[in-house]
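S.K.: So that we are looking at the same thing, I have put the structure below in structure tokens.
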Amino acid sequence: MSETTLAQRVLVESQEPRRTWATARSISGLEYLRACVVGSMPTASIAALMDVDGVVFDGSGVVFRGRPDDRHFNPIGSVHGGFAATLLDSALGCAVHSTLPAGVDYSTVD
């Protein structure tokens with residue numbers, strides 16, 4: 001099989017969600033996001049799957065970064081719009097989450 005037709009595989013390991021959720025609900029949204037940045041809390045498995053990460057959660061803004069590669073291409077060879085949409089959704093969701101007190105949930109549709 002040639003390099004151009006070889007499918008890329010990405011292994012994504014996630015933490016036990018119930019343990020993570022319980023801990024996340026016990027601290028404020030901003031505290032949780034900061035814990036993710038320093039590695040004391042696991043990040044969302046979608047971040048590993050899409051190869052994006054949050055790099056700034058400072059109370060005044062949220063910054064995500066990602067670099068698309070061939071796994072993000074659509075069939076016509078350009079980066080799928082879902083890549084940019086995922087970055088935008090993650091940044092907006094985390095911006096909202098950073099304002100929440102402990103124990104309060106949100107959803108993107110909110």
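Numbering starts fresh at 1 for the residues of each chain in the structure tokens, the chains themselves are lettered A, B, ... in the order given, and ligands are numbered from 1 as they appear.
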Give me the residues within 12 Å of Cys36 of chain A as a ChimeraX atom specification, counting only C-alpha atoms and dropping any in the same chain fewer than 3 places off.
M.R.: /A:20,23-24,29-33,39-45,47,53-57,94
S.K.: Hey, can you spit out that residue selection with N, CA and C atoms as a PDB file, in the first residue's frame?
M.R.:
ATOM      1  N   THR A  20     -13.634  12.075  36.236  1.00  0.00           N
ATOM      2  CA  THR A  20     -13.287  13.405  35.752  1.00  0.00           C
ATOM      3  C   THR A  20     -14.440  14.373  35.972  1.00  0.00           C
ATOM      4  N   THR A  23     -14.815  15.450  39.654  1.00  0.00           N
ATOM      5  CA  THR A  23     -13.791  16.417  40.051  1.00  0.00           C
ATOM      6  C   THR A  23     -14.049  17.767  39.393  1.00  0.00           C
ATOM      7  N   ALA A  24     -14.394  17.753  38.111  1.00  0.00           N
ATOM      8  CA  ALA A  24     -14.635  18.997  37.386  1.00  0.00           C
ATOM      9  C   ALA A  24     -15.788  19.780  38.007  1.00  0.00           C
ATOM     10  N   GLY A  29     -15.207  26.596  36.722  1.00  0.00           N
ATOM     11  CA  GLY A  29     -14.834  26.321  35.335  1.00  0.00           C
ATOM     12  C   GLY A  29     -13.426  26.782  35.013  1.00  0.00           C
ATOM     13  N   LEU A  30     -13.060  27.966  35.470  1.00  0.00           N
ATOM     14  CA  LEU A  30     -11.721  28.487  35.206  1.00  0.00           C
ATOM     15  C   LEU A  30     -10.658  27.628  35.885  1.00  0.00           C
ATOM     16  N   GLU A  31     -10.903  27.207  37.127  1.00  0.00           N
ATOM     17  CA  GLU A  31      -9.950  26.334  37.819  1.00  0.00           C
ATOM     18  C   GLU A  31      -9.773  25.019  37.066  1.00  0.00           C
ATOM     19  N   TYR A  32     -10.876  24.472  36.557  1.00  0.00           N
ATOM     20  CA  TYR A  32     -10.812  23.220  35.809  1.00  0.00           C
ATOM     21  C   TYR A  32      -9.989  23.386  34.527  1.00  0.00           C
ATOM     22  N   LEU A  33     -10.252  24.443  33.779  1.00  0.00           N
ATOM     23  CA  LEU A  33      -9.522  24.653  32.528  1.00  0.00           C
ATOM     24  C   LEU A  33      -8.036  24.855  32.782  1.00  0.00           C
ATOM     25  N   GLY A  39      -1.962  19.910  33.196  1.00  0.00           N
ATOM     26  CA  GLY A  39      -1.920  18.446  33.167  1.00  0.00           C
ATOM     27  C   GLY A  39      -2.408  17.749  34.421  1.00  0.00           C
ATOM     28  N   SER A  40      -2.924  18.496  35.388  1.00  0.00           N
ATOM     29  CA  SER A  40      -3.442  17.828  36.583  1.00  0.00           C
ATOM     30  C   SER A  40      -4.855  17.288  36.379  1.00  0.00           C
ATOM     31  N   MET A  41      -5.524  17.695  35.308  1.00  0.00           N
ATOM     32  CA  MET A  41      -6.802  17.127  34.883  1.00  0.00           C
ATOM     33  C   MET A  41      -6.667  16.743  33.414  1.00  0.00           C
ATOM     34  N   PRO A  42      -7.285  15.651  33.014  1.00  0.00           N
ATOM     35  CA  PRO A  42      -7.179  15.250  31.606  1.00  0.00           C
ATOM     36  C   PRO A  42      -7.979  16.189  30.710  1.00  0.00           C
ATOM     37  N   THR A  43      -7.476  16.382  29.514  1.00  0.00           N
ATOM     38  CA  THR A  43      -8.229  17.171  28.541  1.00  0.00           C
ATOM     39  C   THR A  43      -9.246  16.269  27.854  1.00  0.00           C
ATOM     40  N   ALA A  44     -10.140  16.873  27.111  1.00  0.00           N
ATOM     41  CA  ALA A  44     -11.158  16.110  26.392  1.00  0.00           C
ATOM     42  C   ALA A  44     -10.508  15.247  25.317  1.00  0.00           C
ATOM     43  N   SER A  45     -11.011  14.044  25.145  1.00  0.00           N
ATOM     44  CA  SER A  45     -10.435  13.141  24.152  1.00  0.00           C
ATOM     45  C   SER A  45     -10.576  13.687  22.735  1.00  0.00           C
ATOM     46  N   ALA A  47      -9.776  16.558  21.809  1.00  0.00           N
ATOM     47  CA  ALA A  47      -8.561  17.332  21.561  1.00  0.00           C
ATOM     48  C   ALA A  47      -7.457  16.450  20.995  1.00  0.00           C
ATOM     49  N   ASP A  53      -5.277  21.870  20.967  1.00  0.00           N
ATOM     50  CA  ASP A  53      -5.181  22.031  22.411  1.00  0.00           C
ATOM     51  C   ASP A  53      -5.486  23.459  22.806  1.00  0.00           C
ATOM     52  N   GLY A  54      -5.967  23.577  24.026  1.00  0.00           N
ATOM     53  CA  GLY A  54      -6.206  24.883  24.609  1.00  0.00           C
ATOM     54  C   GLY A  54      -4.925  25.350  25.260  1.00  0.00           C
ATOM     55  N   VAL A  55      -4.536  26.561  24.971  1.00  0.00           N
ATOM     56  CA  VAL A  55      -3.262  27.037  25.494  1.00  0.00           C
ATOM     57  C   VAL A  55      -3.400  28.219  26.429  1.00  0.00           C
ATOM     58  N   VAL A  56      -4.523  28.918  26.408  1.00  0.00           N
ATOM     59  CA  VAL A  56      -4.712  30.068  27.286  1.00  0.00           C
ATOM     60  C   VAL A  56      -6.119  30.025  27.866  1.00  0.00           C
ATOM     61  N   PHE A  57      -6.190  30.062  29.165  1.00  0.00           N
ATOM     62  CA  PHE A  57      -7.450  30.209  29.900  1.00  0.00           C
ATOM     63  C   PHE A  57      -7.132  31.172  31.033  1.00  0.00           C
ATOM     64  N   CYS A  94     -15.379  26.698  26.013  1.00  0.00           N
ATOM     65  CA  CYS A  94     -14.491  26.892  27.160  1.00  0.00           C
ATOM     66  C   CYS A  94     -14.554  28.324  27.686  1.00  0.00           C
TER      67      CYS A  94
END
S.K.: Can you list, as JSON, numbers by chain, all residues belonging to chain A that DSSP tags as alpha helix (DSSP H)?
M.R.: {"A": [17, 18, 19, 20, 21, 22, 23, 24, 25, 29, 30, 31, 32, 33, 34, 35, 36, 37, 38, 45, 46, 47, 48, 49, 50, 81, 82, 83, 84, 85, 86, 87, 88, 89, 90, 91, 92, 93, 94, 95, 96, 97]}
S.K.: Can you spit out the residues from that selection as a compact mmCIF listing (two decimals), in the first residue's frame, using N, CA and C atoms?
M.R.:
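Final output, selection.txt:
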# COMPACT_ATOMS: atom_id res chain seq x y z
N PRO A 17 -14.59 8.85 32.56
CA PRO A 17 -15.35 10.10 32.55
C PRO A 17 -16.05 10.42 33.86
N ARG A 18 -16.59 9.43 34.55
CA ARG A 18 -17.32 9.74 35.78
C ARG A 18 -16.40 10.35 36.84
N ARG A 19 -15.17 9.87 36.94
CA ARG A 19 -14.22 10.43 37.90
C ARG A 19 -13.87 11.86 37.51
N THR A 20 -13.63 12.07 36.24
CA THR A 20 -13.29 13.41 35.75
C THR A 20 -14.44 14.37 35.97
N TRP A 21 -15.66 13.96 35.64
CA TRP A 21 -16.82 14.84 35.81
C TRP A 21 -17.01 15.22 37.26
N ALA A 22 -16.86 14.26 38.16
CA ALA A 22 -17.05 14.54 39.58
C ALA A 22 -16.05 15.59 40.06
N THR A 23 -14.82 15.45 39.65
CA THR A 23 -13.79 16.42 40.05
C THR A 23 -14.05 17.77 39.39
N ALA A 24 -14.39 17.75 38.11
CA ALA A 24 -14.64 19.00 37.39
C ALA A 24 -15.79 19.78 38.01
N ARG A 25 -16.80 19.09 38.47
CA ARG A 25 -17.96 19.77 39.06
C ARG A 25 -17.65 20.34 40.45
N GLY A 29 -15.21 26.60 36.72
CA GLY A 29 -14.83 26.32 35.34
C GLY A 29 -13.43 26.78 35.01
N LEU A 30 -13.06 27.97 35.47
CA LEU A 30 -11.72 28.49 35.21
C LEU A 30 -10.66 27.63 35.89
N GLU A 31 -10.90 27.21 37.13
CA GLU A 31 -9.95 26.33 37.82
C GLU A 31 -9.77 25.02 37.07
N TYR A 32 -10.88 24.47 36.56
CA TYR A 32 -10.81 23.22 35.81
C TYR A 32 -9.99 23.39 34.53
N LEU A 33 -10.25 24.44 33.78
CA LEU A 33 -9.52 24.65 32.53
C LEU A 33 -8.04 24.85 32.78
N ARG A 34 -7.70 25.60 33.81
CA ARG A 34 -6.28 25.78 34.16
C ARG A 34 -5.64 24.45 34.55
N ALA A 35 -6.39 23.60 35.25
CA ALA A 35 -5.87 22.28 35.63
C ALA A 35 -5.61 21.43 34.38
N CYS A 36 -6.43 21.57 33.36
CA CYS A 36 -6.21 20.85 32.11
C CYS A 36 -4.92 21.31 31.43
N VAL A 37 -4.68 22.62 31.43
CA VAL A 37 -3.48 23.16 30.78
C VAL A 37 -2.21 22.65 31.45
N VAL A 38 -2.19 22.57 32.79
CA VAL A 38 -0.98 22.12 33.48
C VAL A 38 -0.89 20.61 33.59
N SER A 45 -11.01 14.04 25.15
CA SER A 45 -10.43 13.14 24.15
C SER A 45 -10.58 13.69 22.73
N ILE A 46 -11.55 14.57 22.48
CA ILE A 46 -11.67 15.18 21.15
C ILE A 46 -10.43 15.99 20.80
N ALA A 47 -9.78 16.56 21.81
CA ALA A 47 -8.56 17.33 21.56
C ALA A 47 -7.46 16.45 21.00
N ALA A 48 -7.31 15.25 21.55
CA ALA A 48 -6.29 14.33 21.02
C ALA A 48 -6.70 13.83 19.63
N LEU A 49 -7.97 13.54 19.46
CA LEU A 49 -8.45 13.05 18.17
C LEU A 49 -8.22 14.06 17.05
N MET A 50 -8.49 15.33 17.34
CA MET A 50 -8.35 16.38 16.32
C MET A 50 -6.97 17.03 16.32
N GLY A 81 -14.07 21.71 6.75
CA GLY A 81 -14.57 22.84 7.53
C GLY A 81 -14.85 22.48 8.98
N GLY A 82 -15.06 21.19 9.24
CA GLY A 82 -15.29 20.75 10.61
C GLY A 82 -14.10 20.98 11.51
N PHE A 83 -12.90 21.06 10.94
CA PHE A 83 -11.72 21.32 11.74
C PHE A 83 -11.81 22.73 12.35
N ALA A 84 -12.08 23.72 11.51
CA ALA A 84 -12.23 25.09 12.01
C ALA A 84 -13.43 25.20 12.94
N ALA A 85 -14.51 24.51 12.61
CA ALA A 85 -15.71 24.56 13.45
C ALA A 85 -15.43 23.97 14.82
N THR A 86 -14.62 22.92 14.88
CA THR A 86 -14.27 22.30 16.16
C THR A 86 -13.45 23.26 17.01
N LEU A 87 -12.49 23.95 16.40
CA LEU A 87 -11.70 24.95 17.14
C LEU A 87 -12.60 26.06 17.68
N LEU A 88 -13.50 26.54 16.86
CA LEU A 88 -14.40 27.61 17.27
C LEU A 88 -15.34 27.14 18.38
N ASP A 89 -15.92 25.95 18.22
CA ASP A 89 -16.82 25.40 19.23
C ASP A 89 -16.09 25.19 20.56
N SER A 90 -14.88 24.70 20.49
CA SER A 90 -14.11 24.46 21.72
C SER A 90 -13.76 25.76 22.42
N ALA A 91 -13.32 26.75 21.66
CA ALA A 91 -12.96 28.04 22.27
C ALA A 91 -14.20 28.71 22.88
N LEU A 92 -15.30 28.71 22.16
CA LEU A 92 -16.52 29.33 22.68
C LEU A 92 -17.04 28.59 23.90
N GLY A 93 -17.07 27.26 23.82
CA GLY A 93 -17.54 26.46 24.95
C GLY A 93 -16.69 26.67 26.19
N CYS A 94 -15.38 26.70 26.01
CA CYS A 94 -14.49 26.89 27.16
C CYS A 94 -14.55 28.32 27.69
N ALA A 95 -14.79 29.30 26.81
CA ALA A 95 -14.97 30.67 27.28
C ALA A 95 -16.18 30.74 28.20
N VAL A 96 -17.27 30.09 27.81
CA VAL A 96 -18.45 30.04 28.67
C VAL A 96 -18.13 29.28 29.96
N HIS A 97 -17.49 28.13 29.81
CA HIS A 97 -17.18 27.30 30.98
C HIS A 97 -16.31 28.05 31.98
S.K.: Here is a test: counting only C-alpha atoms, which residue of A:Asp69, A:Ser107, A:Val63, A:Ser26 is nearest to Asp51 of chain A?
M.R.: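 So, comparing all the options, the nearest one is A:Asp69.
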S.K.: Quick one: distance from atom CA of Arg65 of chain A to atom CA of Gly77 of chain A in Å, one decimal?
M.R.: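 So the answer is 21.3 Å.
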S.K.: Looking only at strand (DSSP E or B) from DSSP on the backbone, list the matching residues of chain A as a list in words.
M.R.: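 Matching residues for strand (DSSP E or B) in chain A are Val52, Asp53, Gly54, Val55, Val56, Phe57, Val62, Val63, Phe64, Arg65, Gly66, Phe73 and Val79 of chain A.
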S.K.: Dump C-alpha atoms for the selected residues as a short mmCIF file (atom, residue, chain, number, x, y, z; two decimals), in the first residue's frame?
M.R.:
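Dumped everything to result19.cif:
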data_model
loop_
_atom_site.label_atom_id
_atom_site.label_comp_id
_atom_site.auth_asym_id
_atom_site.auth_seq_id
_atom_site.Cartn_x
_atom_site.Cartn_y
_atom_site.Cartn_z
CA VAL A 52 -5.85 20.62 19.00
CA ASP A 53 -5.18 22.03 22.41
CA GLY A 54 -6.21 24.88 24.61
CA VAL A 55 -3.26 27.04 25.49
CA VAL A 56 -4.71 30.07 27.29
CA PHE A 57 -7.45 30.21 29.90
CA VAL A 62 -9.56 31.39 25.62
CA VAL A 63 -7.14 30.39 22.88
CA PHE A 64 -7.07 27.03 21.11
CA ARG A 65 -4.50 26.04 18.56
CA GLY A 66 -4.38 23.28 16.03
CA PHE A 73 -8.56 16.65 4.59
CA VAL A 79 -9.00 20.89 5.15
#
S.K.: Kindly give the distance, in Å, that separates atom CA of His72 of chain A and atom CA of Thr108 of chain A, rounded to a single decimal.
M.R.: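 For atom CA of His72 of chain A relative to atom CA of Thr108 of chain A, the distance reads 22.4 Å.
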S.K.: As an exercise, work out the distance from atom CA of Ala102 of chain A to atom CA of Asp58 of chain A in Å and give it to one decimal place.
M.R.: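 Result for atom CA of Ala102 of chain A versus atom CA of Asp58 of chain A: 17.0 Å, one decimal.
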